[in-house]
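Encoded as structure tokens, the structure appears first; notes follow it.
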Amino acid sequence: MNIKHLILMSLLLPPTVISAQETGPTIDTKTTEQTTHKWTLDDCIRHAMENSITLKKSQVAILSSKEDVEQAKAALLPSLSASTNQSFGWRPWNEAGVSTVANGTVVNKISKTYYNGSYAVNAQWTLWNGNRNHNTLKQNKLTSEKAELDSATAANTLKEQIANLYVQILYLNEAIKVNEQSYATSLKNEESGKAQVEVGKMSKADLAQLTAQTKQDEYNIVNAQAETAKAKLQLKQLLELEGDMDFDIYIPEESDTKALAEIPSLQGVYQNALAGRPEIASGLLNIESQELGVKIAKAGKLPQISMNGGLGTSTTSMNNHSWGYQMKTNFDATAGLSVSIPIFDNRSTKTSVNKARLAVIDANLDLQDKRKTLYSTIEGYWLDANTNQQKFKAAQASVESMEASYDLLSEQFRLGLKNIVELMTGKNNLVTAQQNMLQSKYMTILDIQLLKFYNGESL
């Protein structure tokens, strides 16, 4: 969930208010201290890096690419294979046979069935194929490096998602407190209204408005709790935690200070991101890999030189010599050199080369798009950080003024010096200022932290 969703959610929450001095009964918000571990942002990120299914899949992709590298290395070596063939035959009209002498007697034996056996060991070694094997090895190494960078990119994306949800929960947690205090204020206003009705200083219609406001604030608490639970569930899913596991985050105390921190420069962050972000490095490797693809495709036009050799022998039952004798006398060894010259391949090589060149163009365009997207993202965070920081500073002063004004207005209302319309108008003005401060504070915190993240710092 990005920062725009955070803004939308905050706008969807009903108006709330804080009284500077008043407190009162609150709805059960399940804020009782639990024994469960409070997760910091570092805890969340560390756990996600170790348990994310997406990142585990990327690790599988890395291992697969390394296997391709080993396969490409092995392709540079000779191949060796052994084979044997055993067969039976039948010659029903065979009239020739084998003559043997037994005890001074010549014996003619005609066998209509026979048995043949062959045994061979063959080796083959590609000496040169237009450097296709060597370039394939280089390309597979680049692919393996790119897989690692893509995994790092996925990890960065996951970190950003976690940071967004974490800050959203911080915002919603404070929104609950705001709604609780607003509810307490509404209860006191309602009690004051009841007292004024009894002495005739307020109509029952005005009291009904105060009661409606109390119920609305009660609803706001429940709604904020539901939104918080939903955000925590989304964060738990990112962390691959079990659905029934107790989960809560650590609430820092220095939120205002972080919102007023110095904002990194736009160009500085962008230049550091160009040098350090894995998606940019991956794009550069992709171009280099596709350029090797052109060389591999061009190898289809060049001759291929191979060396081959083999050892073999055979036996047959149609021979009256022993099996061992036949194995020895039928043994032979061969060695040779073969050259294959492509002449016409139905345009297959030319098509492969043209497609490889188009892949290089596409890789360059992809890198340009990544750089453009990177700058747009950083510029968006930078503009939002500056705008929201100024809004936050202005909202702080506005809230302080509105709180003092509303406290005075509330006291005058209890004394019967102000009517219900003036009280509700003052409360709405304070609500607007309070909501503006909450939105701008947490948006600024998130934008600054993400700028630092793109600048090379950890979240």
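Letters A, B, ... mark the chains of the structure tokens in the order given; residue numbers begin at 1 per chain; ligand numbers begin at 1, in order shown.
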With a cut-off of 12 Å, could you pull out the residues of region 271-321 of chain A touching region 364-369 of chain A and give me the nearest pair of atoms for each, distance in Å to one decimal, using only C-alpha atoms, ordered by chain and ascending number, as CSV?
residue,atom,partner,partner_atom,distance
A:Leu274,CA,A:Leu367,CA,11.0
A:Pro278,CA,A:Leu367,CA,11.8
A:Glu279,CA,A:Leu367,CA,8.8
A:Ile280,CA,A:Leu367,CA,6.9
A:Ala281,CA,A:Leu367,CA,9.2
A:Ser282,CA,A:Leu367,CA,8.7
A:Gly283,CA,A:Leu367,CA,5.1
A:Leu284,CA,A:Leu367,CA,7.0
A:Leu285,CA,A:Leu367,CA,9.9
A:Asn286,CA,A:Asn364,CA,8.5
A:Ile287,CA,A:Asn364,CA,6.3
A:Glu288,CA,A:Asn364,CA,9.8
A:Ser289,CA,A:Asn364,CA,11.4
A:Gln290,CA,A:Asn364,CA,9.7
A:Glu291,CA,A:Asn364,CA,10.6
Write a file of the just-selected residues containing N, CA and C atoms, as a compact mmCIF listing (two decimals), in the first residue's frame.
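Writing done, so here's result-v8.txt:
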# COMPACT_ATOMS: atom_id res chain seq x y z
N LEU A 274 21.11 5.82 -8.86
CA LEU A 274 21.61 5.30 -10.14
C LEU A 274 22.82 4.39 -9.93
N PRO A 278 19.64 -1.89 -7.31
CA PRO A 278 19.85 -3.13 -8.06
C PRO A 278 19.08 -3.19 -9.38
N GLU A 279 17.94 -2.50 -9.49
CA GLU A 279 17.19 -2.56 -10.75
C GLU A 279 17.95 -1.88 -11.89
N ILE A 280 18.75 -0.84 -11.56
CA ILE A 280 19.55 -0.18 -12.59
C ILE A 280 20.71 -1.08 -13.01
N ALA A 281 21.39 -1.67 -12.02
CA ALA A 281 22.48 -2.59 -12.32
C ALA A 281 21.98 -3.79 -13.13
N SER A 282 20.78 -4.26 -12.80
CA SER A 282 20.18 -5.37 -13.55
C SER A 282 19.92 -4.97 -15.00
N GLY A 283 19.47 -3.74 -15.21
CA GLY A 283 19.23 -3.26 -16.57
C GLY A 283 20.51 -3.19 -17.39
N LEU A 284 21.61 -2.76 -16.77
CA LEU A 284 22.90 -2.71 -17.46
C LEU A 284 23.38 -4.11 -17.82
N LEU A 285 23.23 -5.05 -16.91
CA LEU A 285 23.63 -6.43 -17.19
C LEU A 285 22.77 -7.03 -18.30
N ASN A 286 21.51 -6.64 -18.34
CA ASN A 286 20.62 -7.16 -19.37
C ASN A 286 21.07 -6.72 -20.75
N ILE A 287 21.53 -5.47 -20.87
CA ILE A 287 22.04 -4.98 -22.16
C ILE A 287 23.27 -5.78 -22.57
N GLU A 288 24.18 -5.97 -21.64
CA GLU A 288 25.41 -6.73 -21.93
C GLU A 288 25.08 -8.16 -22.33
N SER A 289 24.10 -8.75 -21.67
CA SER A 289 23.69 -10.12 -21.98
C SER A 289 23.10 -10.21 -23.38
N GLN A 290 22.26 -9.23 -23.74
CA GLN A 290 21.65 -9.25 -25.07
C GLN A 290 22.69 -9.02 -26.17
N GLU A 291 23.72 -8.23 -25.88
CA GLU A 291 24.80 -8.03 -26.86
C GLU A 291 25.56 -9.33 -27.09
- Spatial neighbours of Thr136 (chain A), 10 Å, only C-alpha atoms, chain gap at least 6 places, as a VMD selection string: chain A and resid 68 to 69 71 to 73 75 142 289 292 to 293 295 to 296
- Message: DSSP on the backbone, helix (DSSP H, G or I) only: what residues of region 258-444 of chain A does that give? Format it as an NGL selection string.
- Response: :A and (258-259 or 266-276 or 278-301 or 323-329 or 348-414 or 420-444)
